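K.L.:
There's a structure below that I have some questions on.
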Amino acid sequence: MLLEQIKEPTLLLDKAKVLRNIERMAKKAEESNVVLRPHFKTHQSHEIGRWFRDYGVKSITVSSLRMAEYFAEDGWDDILVAFPVNVLEIDRLNALAARVKLTILVESREVMEKLDAELTTAVDFYINIDIGYGRTGIMVTDLDAIDSILDVSDVSKTLNFIGFYTHAGNTYKCKKKKPVTDIFKLYEHGMVRLKEQYTMDYPEIKLSYGDTPSCSILKDFSNFDEIHPGNFVFYDMQQKHISACSIDSIAVAMACPIVAKHERRSEVVIYGGGVHFSTERARRPENVDYFGLIVAFKKEKWHVNEMGSFIRAVSQEHGVIKASEELMKKASVGDILVILPIHACMTADAMPHYLTTEGEIIEKWDGK
């Protein structure tokens with residue numbers, strides 16, 4: 001029995017669900033005639049990365065140069081680092097650019113000038129565009145800032161402008177499909193208009209767009225050249241609340257031991273806290289925040305069986321579960337509970353490896 005192997009918090013993975021999720025997104029990209037450049041920061045695994053190759057994926061996105069190095073070791077040679085360039089890593093950037101086709105993000109003339117002075121190998125770059133998320137990037141209407149970047153690349157021997165990149169991270173705050181659709185249309189309009197303003201001078205300009213909610217909910221991405229969602233490989237409860245996926249598409253779950261039981265409070269305590277799940281939370285229908293949903297586990301698979309049990313609080317190692325009457329009756333210290341995470345990216349990042357429902361250990365990047 002799979003759960004009998006588990007002694008500490010362990011991240012379970014259902015490979016069949018992962019493959020279905022990859023296939024669905026690859027088909028959607030093909031139907032829109034766009035490149036699927038999945039963001040590998042979600043799974044951070046050589047083995048899982050290889051599964052994408054079976055669906056025609058040749059280009060990937062990562063969130064750091066170190067992560068790019070990790071995947072370059074496994075033969076990926078077309079890598080976009082979707083994070084503003086850290087000029088202090090110029091030596092690492094130069095070394096990596098000499099090995100693979102590297103694409104970077106820039107959003108200031110200052111960085112461009114630094115790169116132009118110190119790059120030893122040519123790299124492609126996207127200009128990072130903000131259309132309302134507010135995290136980072138040049139505002140889509142700030143043509144002066146864009147022009148100042150292009151002034152540098154136009155005379156640079158190492159910086160090759162290929163287009164505009166944007167991430168609609170604000171879709172993650174949506175609760176229904178329509179707001180996601182509205183955000184997508186806003187971004188699509190902004191990016192298409194931006195492309196039109198620069199196409200005459202840069203006829204090969206590309207548009208790169210991505211976030212799991214809109215890439216899951218919308219169907220037509222033909223106005224873009226590539227999409228770069230990441231979370232879709234696993235999905236999670238956050239995506240389920242957004243209506244980006246069904247609960248049956250969630251492909252990872254945490255297995256955690258019960259370490260205490262409190263009858264008076266109808267609570268059990270698990271070995272599994274913020275360092276395993278992160279502190280990401282979602283809101284239940286009864287307006288209560290929660291950090292993970294307890295599901296049934298039978299025949300080496302988890303099954304959605306809404307018993308009303310959920311993690312109501314986390315500290316570093318503790319998870320406090322508000323338990324249903326049914327769970328309180330059958331749960332004992334030493335039992336293993338299986339829990340769907342709120343944010344799979346954060347949970348996967350915190351865990352050292354995956355245990356598949358077939359009992360196989362899949363290693364992942366250790367972050368070094």
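Letters for chains follow the order of the structure tokens (A, B, ...), residue numbers begin at 1 for each chain, and ligand numbers begin at 1 in the order shown.
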Would you return as a PyMOL selection string the members of stretch 206-352 of chain A that DSSP assigns to helix (DSSP H, G or I) on this structure's backbone?
P.N.:
chain A and resi 212-217+231-233+237-242+247-249+274-277+325-330+344-350
K.L.:
Mind running stretch 32-102 of chain A against stretch 121-128 of chain A at 12 Å and telling me each contacting residue's nearest atom pair with the distance in Å (one decimal), counting only C-alpha atoms, chain and number ascending, as a Markdown table?
P.N.:
```
| residue | atom | partner | partner_atom | distance |
| --- | --- | --- | --- | --- |
| A:Asp78 | CA | A:Asp124 | CA | 10.6 |
| A:Ile79 | CA | A:Asp124 | CA | 10.3 |
| A:Leu80 | CA | A:Phe125 | CA | 8.8 |
| A:Val81 | CA | A:Phe125 | CA | 9.6 |
| A:Ala82 | CA | A:Asn128 | CA | 8.8 |
| A:Phe83 | CA | A:Asn128 | CA | 8.9 |
| A:Pro84 | CA | A:Asn128 | CA | 7.8 |
| A:Val85 | CA | A:Phe125 | CA | 10.1 |
| A:Ile90 | CA | A:Thr121 | CA | 11.0 |
| A:Asp91 | CA | A:Thr121 | CA | 10.9 |
| A:Arg92 | CA | A:Thr121 | CA | 11.6 |
| A:Leu93 | CA | A:Thr121 | CA | 9.1 |
| A:Asn94 | CA | A:Thr121 | CA | 6.2 |
| A:Ala95 | CA | A:Thr121 | CA | 8.4 |
| A:Leu96 | CA | A:Thr121 | CA | 9.2 |
| A:Ala97 | CA | A:Thr121 | CA | 6.1 |
| A:Ala98 | CA | A:Thr121 | CA | 6.1 |
| A:Arg99 | CA | A:Thr121 | CA | 9.7 |
| A:Val100 | CA | A:Val123 | CA | 9.5 |
| A:Lys101 | CA | A:Val123 | CA | 7.3 |
| A:Leu102 | CA | A:Val123 | CA | 5.7 |
```
K.L.:
Write a file of the selected residues as a tab-separated table (two decimals), in the first residue's frame, keeping N, CA and C atoms.
P.N.:
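The resulting file, selection.tsv, is shown below:
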```tsv
chain	number	residue	atom	x	y	z
A	78	ASP	N	16.51	25.83	-25.81
A	78	ASP	CA	15.78	27.05	-26.15
A	78	ASP	C	15.04	27.49	-24.89
A	79	ILE	N	15.65	28.39	-24.13
A	79	ILE	CA	15.18	28.69	-22.77
A	79	ILE	C	14.94	30.19	-22.61
A	80	LEU	N	13.77	30.52	-22.13
A	80	LEU	CA	13.42	31.89	-21.76
A	80	LEU	C	13.48	32.01	-20.25
A	81	VAL	N	14.27	32.95	-19.75
A	81	VAL	CA	14.30	33.24	-18.32
A	81	VAL	C	13.33	34.39	-18.07
A	82	ALA	N	12.16	34.05	-17.54
A	82	ALA	CA	11.08	35.02	-17.38
A	82	ALA	C	11.16	35.72	-16.03
A	83	PHE	N	12.23	36.47	-15.88
A	83	PHE	CA	12.48	37.25	-14.67
A	83	PHE	C	13.40	38.38	-15.09
A	84	PRO	N	13.17	39.60	-14.59
A	84	PRO	CA	14.05	40.71	-14.99
A	84	PRO	C	15.51	40.37	-14.74
A	85	VAL	N	16.36	40.67	-15.71
A	85	VAL	CA	17.78	40.32	-15.62
A	85	VAL	C	18.40	40.90	-14.36
A	90	ILE	N	26.02	38.44	-14.45
A	90	ILE	CA	26.45	38.54	-15.83
A	90	ILE	C	27.37	37.40	-16.24
A	91	ASP	N	28.23	36.93	-15.34
A	91	ASP	CA	29.13	35.82	-15.69
A	91	ASP	C	28.34	34.55	-15.95
A	92	ARG	N	27.36	34.29	-15.11
A	92	ARG	CA	26.50	33.11	-15.30
A	92	ARG	C	25.70	33.23	-16.60
A	93	LEU	N	25.21	34.44	-16.87
A	93	LEU	CA	24.44	34.68	-18.09
A	93	LEU	C	25.31	34.43	-19.32
A	94	ASN	N	26.53	34.94	-19.31
A	94	ASN	CA	27.44	34.73	-20.44
A	94	ASN	C	27.74	33.25	-20.66
A	95	ALA	N	27.97	32.53	-19.59
A	95	ALA	CA	28.30	31.11	-19.71
A	95	ALA	C	27.12	30.32	-20.27
A	96	LEU	N	25.93	30.64	-19.82
A	96	LEU	CA	24.75	29.93	-20.29
A	96	LEU	C	24.43	30.27	-21.73
A	97	ALA	N	24.55	31.55	-22.09
A	97	ALA	CA	24.27	31.98	-23.46
A	97	ALA	C	25.20	31.31	-24.47
A	98	ALA	N	26.37	30.91	-24.02
A	98	ALA	CA	27.31	30.23	-24.91
A	98	ALA	C	26.90	28.78	-25.16
A	99	ARG	N	25.99	28.26	-24.32
A	99	ARG	CA	25.58	26.85	-24.42
A	99	ARG	C	24.24	26.65	-25.10
A	100	VAL	N	23.29	27.61	-24.88
A	100	VAL	CA	21.92	27.42	-25.36
A	100	VAL	C	21.42	28.70	-26.03
A	101	LYS	N	20.29	28.57	-26.72
A	101	LYS	CA	19.60	29.74	-27.25
A	101	LYS	C	18.85	30.37	-26.09
A	102	LEU	N	19.38	31.45	-25.58
A	102	LEU	CA	18.86	32.06	-24.37
A	102	LEU	C	18.09	33.33	-24.69
```
K.L.:
Hey, which of A:Leu159, A:Cys245, A:Ile205, A:Val269 ends up closest to A:Ala117? Count only C-alpha atoms.
P.N.:
A:Leu159
K.L.:
Mind the document's chain letters and residue numbers, and return as a ChimeraX atom specification the residues of stretch 25-169 of chain A that DSSP labels strand (DSSP E).
P.N.:
/A:35-36,60-62,78-84,101-106,123-130,138-139,159-167
K.L.:
Could you turn the residues from that selection into a file that holds N, CA and C atoms, as a compact mmCIF listing (two decimals), in the first residue's frame?
P.N.:
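What ended up in part-v1.txt:
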```
# COMPACT_ATOMS: atom_id res chain seq x y z
N VAL A 35 3.26 28.73 -30.27
CA VAL A 35 4.24 27.88 -29.61
C VAL A 35 3.87 27.74 -28.13
N LEU A 36 3.84 26.52 -27.63
CA LEU A 36 3.69 26.31 -26.20
C LEU A 36 5.09 26.29 -25.59
N ILE A 60 11.19 26.19 -23.56
CA ILE A 60 10.68 26.25 -22.20
C ILE A 60 10.93 27.62 -21.57
N THR A 61 10.22 27.85 -20.47
CA THR A 61 10.38 29.05 -19.66
C THR A 61 10.82 28.64 -18.27
N VAL A 62 11.72 29.41 -17.68
CA VAL A 62 12.15 29.18 -16.30
C VAL A 62 12.19 30.53 -15.58
N ASP A 78 16.51 25.83 -25.81
CA ASP A 78 15.78 27.05 -26.15
C ASP A 78 15.04 27.49 -24.89
N ILE A 79 15.65 28.39 -24.13
CA ILE A 79 15.18 28.69 -22.77
C ILE A 79 14.94 30.19 -22.61
N LEU A 80 13.77 30.52 -22.13
CA LEU A 80 13.42 31.89 -21.76
C LEU A 80 13.48 32.01 -20.25
N VAL A 81 14.27 32.95 -19.75
CA VAL A 81 14.30 33.24 -18.32
C VAL A 81 13.33 34.39 -18.07
N ALA A 82 12.16 34.05 -17.54
CA ALA A 82 11.08 35.02 -17.38
C ALA A 82 11.16 35.72 -16.03
N PHE A 83 12.23 36.47 -15.88
CA PHE A 83 12.48 37.25 -14.67
C PHE A 83 13.40 38.38 -15.09
N PRO A 84 13.17 39.60 -14.59
CA PRO A 84 14.05 40.71 -14.99
C PRO A 84 15.51 40.37 -14.74
N LYS A 101 20.29 28.57 -26.72
CA LYS A 101 19.60 29.74 -27.25
C LYS A 101 18.85 30.37 -26.09
N LEU A 102 19.38 31.45 -25.58
CA LEU A 102 18.86 32.06 -24.37
C LEU A 102 18.09 33.33 -24.69
N THR A 103 16.91 33.44 -24.06
CA THR A 103 16.10 34.65 -24.18
C THR A 103 15.91 35.22 -22.79
N ILE A 104 16.04 36.54 -22.66
CA ILE A 104 15.93 37.19 -21.36
C ILE A 104 14.86 38.28 -21.40
N LEU A 105 14.50 38.79 -20.22
CA LEU A 105 13.57 39.90 -20.09
C LEU A 105 14.31 41.14 -19.63
N VAL A 106 14.01 42.28 -20.28
CA VAL A 106 14.56 43.55 -19.82
C VAL A 106 13.43 44.57 -19.73
N VAL A 123 22.35 37.38 -27.17
CA VAL A 123 21.13 36.82 -26.60
C VAL A 123 19.92 37.54 -27.20
N ASP A 124 18.79 36.82 -27.26
CA ASP A 124 17.53 37.44 -27.61
C ASP A 124 16.92 38.05 -26.36
N PHE A 125 16.12 39.09 -26.54
CA PHE A 125 15.42 39.63 -25.38
C PHE A 125 14.01 40.08 -25.74
N TYR A 126 13.12 39.87 -24.78
CA TYR A 126 11.79 40.46 -24.80
C TYR A 126 11.79 41.69 -23.90
N ILE A 127 11.00 42.69 -24.25
CA ILE A 127 10.73 43.78 -23.33
C ILE A 127 9.54 43.37 -22.47
N ASN A 128 9.72 43.44 -21.18
CA ASN A 128 8.70 43.01 -20.23
C ASN A 128 7.63 44.11 -20.09
N ILE A 129 6.38 43.76 -20.36
CA ILE A 129 5.29 44.73 -20.42
C ILE A 129 4.27 44.49 -19.30
N ASP A 130 3.86 45.58 -18.67
CA ASP A 130 2.82 45.53 -17.63
C ASP A 130 1.52 46.11 -18.19
N ILE A 138 7.40 47.45 -17.97
CA ILE A 138 7.09 48.78 -18.49
C ILE A 138 5.61 48.86 -18.81
N MET A 139 4.97 49.93 -18.40
CA MET A 139 3.57 50.10 -18.75
C MET A 139 3.40 50.08 -20.27
N LEU A 159 22.62 42.20 -28.24
CA LEU A 159 21.24 42.22 -27.77
C LEU A 159 20.27 42.26 -28.95
N ASN A 160 19.53 41.18 -29.11
CA ASN A 160 18.64 41.03 -30.25
C ASN A 160 17.18 41.11 -29.80
N PHE A 161 16.52 42.21 -30.12
CA PHE A 161 15.12 42.41 -29.74
C PHE A 161 14.21 41.49 -30.55
N ILE A 162 13.38 40.69 -29.86
CA ILE A 162 12.48 39.78 -30.58
C ILE A 162 11.00 40.08 -30.32
N GLY A 163 10.69 40.92 -29.29
CA GLY A 163 9.28 41.21 -29.08
C GLY A 163 8.94 41.63 -27.67
N PHE A 164 7.66 41.43 -27.33
CA PHE A 164 7.13 41.86 -26.04
C PHE A 164 6.56 40.66 -25.27
N TYR A 165 6.83 40.68 -23.98
CA TYR A 165 6.40 39.61 -23.07
C TYR A 165 5.48 40.20 -22.01
N THR A 166 4.43 39.46 -21.66
CA THR A 166 3.59 39.91 -20.55
C THR A 166 3.03 38.71 -19.80
N HIS A 167 2.77 38.93 -18.52
CA HIS A 167 2.18 37.89 -17.66
C HIS A 167 0.97 38.48 -16.96
```
K.L.:
Rounded to one decimal, what separation in Å do you get between atom CA of A:Lys28 and atom CA of A:Ile131?
P.N.:
23.8 Å
K.L.:
Considering only C-alpha atoms, can you say which of A:Ala72, A:Cys345, A:Ile149, A:Leu143 comes closest to A:Arg109?
P.N.:
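Selected residue with least distance to A:Arg109: A:Ile149.
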K.L.:
I'd like to know which of A:Leu218, A:Ala348, A:Leu65, A:Ala251 is closest to A:Phe232, using only C-alpha atoms.
P.N.:
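Result for the nearest residue to A:Phe232: A:Ala251.
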K.L.:
What's the 12 Å shell around A:Cys215, counting only C-alpha atoms, without same-chain residues fewer than 2 positions away, as a ChimeraX atom specification?
P.N.:
/A:21,24-29,32,34,36-38,167-169,171-172,177,180-181,183-184,209-213,217-222,224,226-233,239,243-245
K.L.:
Please, what distance in Å, to one decimal, runs between atom CA of A:His353 and atom CA of A:Arg283?
P.N.:
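Calculated distance between atom CA of A:His353 and atom CA of A:Arg283 is 28.1 Å.
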K.L.:
Could you produce a table of the residues of stretch 218-297 of chain A lying within 6 Å of stretch 314-321 of chain A, with the nearest pair of atoms per residue and their separation in Å rounded to one decimal, using only C-alpha atoms, ordered by chain and increasing residue number, as JSON lines?
P.N.:
```
{"residue": "A:Glu267", "atom": "CA", "partner": "A:Ile321", "partner_atom": "CA", "distance": 5.4}
{"residue": "A:Val268", "atom": "CA", "partner": "A:Ile321", "partner_atom": "CA", "distance": 5.3}
{"residue": "A:Val269", "atom": "CA", "partner": "A:Val320", "partner_atom": "CA", "distance": 4.7}
{"residue": "A:Ile270", "atom": "CA", "partner": "A:Gly319", "partner_atom": "CA", "distance": 5.1}
{"residue": "A:Tyr271", "atom": "CA", "partner": "A:His318", "partner_atom": "CA", "distance": 5.5}
{"residue": "A:Gly272", "atom": "CA", "partner": "A:Gly319", "partner_atom": "CA", "distance": 5.3}
{"residue": "A:Gly273", "atom": "CA", "partner": "A:Glu317", "partner_atom": "CA", "distance": 4.2}
{"residue": "A:Gly274", "atom": "CA", "partner": "A:Gln316", "partner_atom": "CA", "distance": 4.8}
{"residue": "A:Val275", "atom": "CA", "partner": "A:Gln316", "partner_atom": "CA", "distance": 5.6}
```
K.L.:
Considering only C-alpha atoms, return as a count of residues only whatever protein or nucleic-acid residues lie within 7 Å of A:Ser309, sequence-local ones (same chain, fewer than 6 positions apart) excluded.
P.N.:
6
K.L.:
Hey, can you check how far atom CA of A:His39 sits from atom CA of A:Asp248?
P.N.:
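So the answer is 21.7 Å.
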K.L.:
Which residues, written as an mmCIF file with C-alpha atoms, in the first residue's frame, have at least one atom at most 12 Å from A:Glu73, with only C-alpha atoms counted and residues fewer than 2 positions away on the same chain left out?
P.N.:
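What landed in result12.cif:
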```cif
data_model
loop_
_atom_site.group_PDB
_atom_site.id
_atom_site.type_symbol
_atom_site.label_atom_id
_atom_site.label_comp_id
_atom_site.auth_asym_id
_atom_site.auth_seq_id
_atom_site.Cartn_x
_atom_site.Cartn_y
_atom_site.Cartn_z
ATOM 1 C CA SER A 45 12.049 18.144 -12.616
ATOM 2 C CA HIS A 46 14.095 16.605 -15.426
ATOM 3 C CA GLY A 49 10.174 17.931 -18.254
ATOM 4 C CA ARG A 66 20.212 28.624 -12.076
ATOM 5 C CA MET A 67 17.014 26.865 -13.108
ATOM 6 C CA ALA A 68 17.957 27.386 -16.742
ATOM 7 C CA GLU A 69 21.300 25.680 -16.066
ATOM 8 C CA TYR A 70 19.493 22.732 -14.487
ATOM 9 C CA PHE A 71 17.282 22.162 -17.527
ATOM 10 C CA GLY A 75 19.204 18.893 -23.225
ATOM 11 C CA TRP A 76 16.822 21.845 -23.317
ATOM 12 C CA ASP A 77 18.471 24.375 -25.606
ATOM 13 C CA ILE A 79 15.179 28.689 -22.775
ATOM 14 C CA LEU A 96 24.745 29.927 -20.287
ATOM 15 C CA ARG A 99 25.585 26.847 -24.425
ATOM 16 C CA VAL A 100 21.922 27.423 -25.365
ATOM 17 C CA TRP A 365 15.872 20.391 -8.761
#
```
K.L.:
Would you mind telling me which residue in A:Asp151, A:Tyr133, A:Tyr55, A:Asp201 lies nearest to A:Leu186 when using only C-alpha atoms?
P.N.:
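Answer, going by the shortest atom-to-atom distance: A:Tyr133.
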K.L.:
Between A:Arg264, A:Lys7, A:Arg50, A:Lys114, single out the one closest to A:Leu19, counting only C-alpha atoms.
P.N.:
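That would be A:Arg50, the residue with the smallest distance to A:Leu19.
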K.L.:
So, counting only C-alpha atoms, which residue among A:Leu88, A:Ser64, A:Lys261, A:Glu31 is closest to A:Lys329?
P.N.:
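Between A:Leu88, A:Ser64, A:Lys261, A:Glu31, the residue approaching A:Lys329 most closely is A:Lys261.
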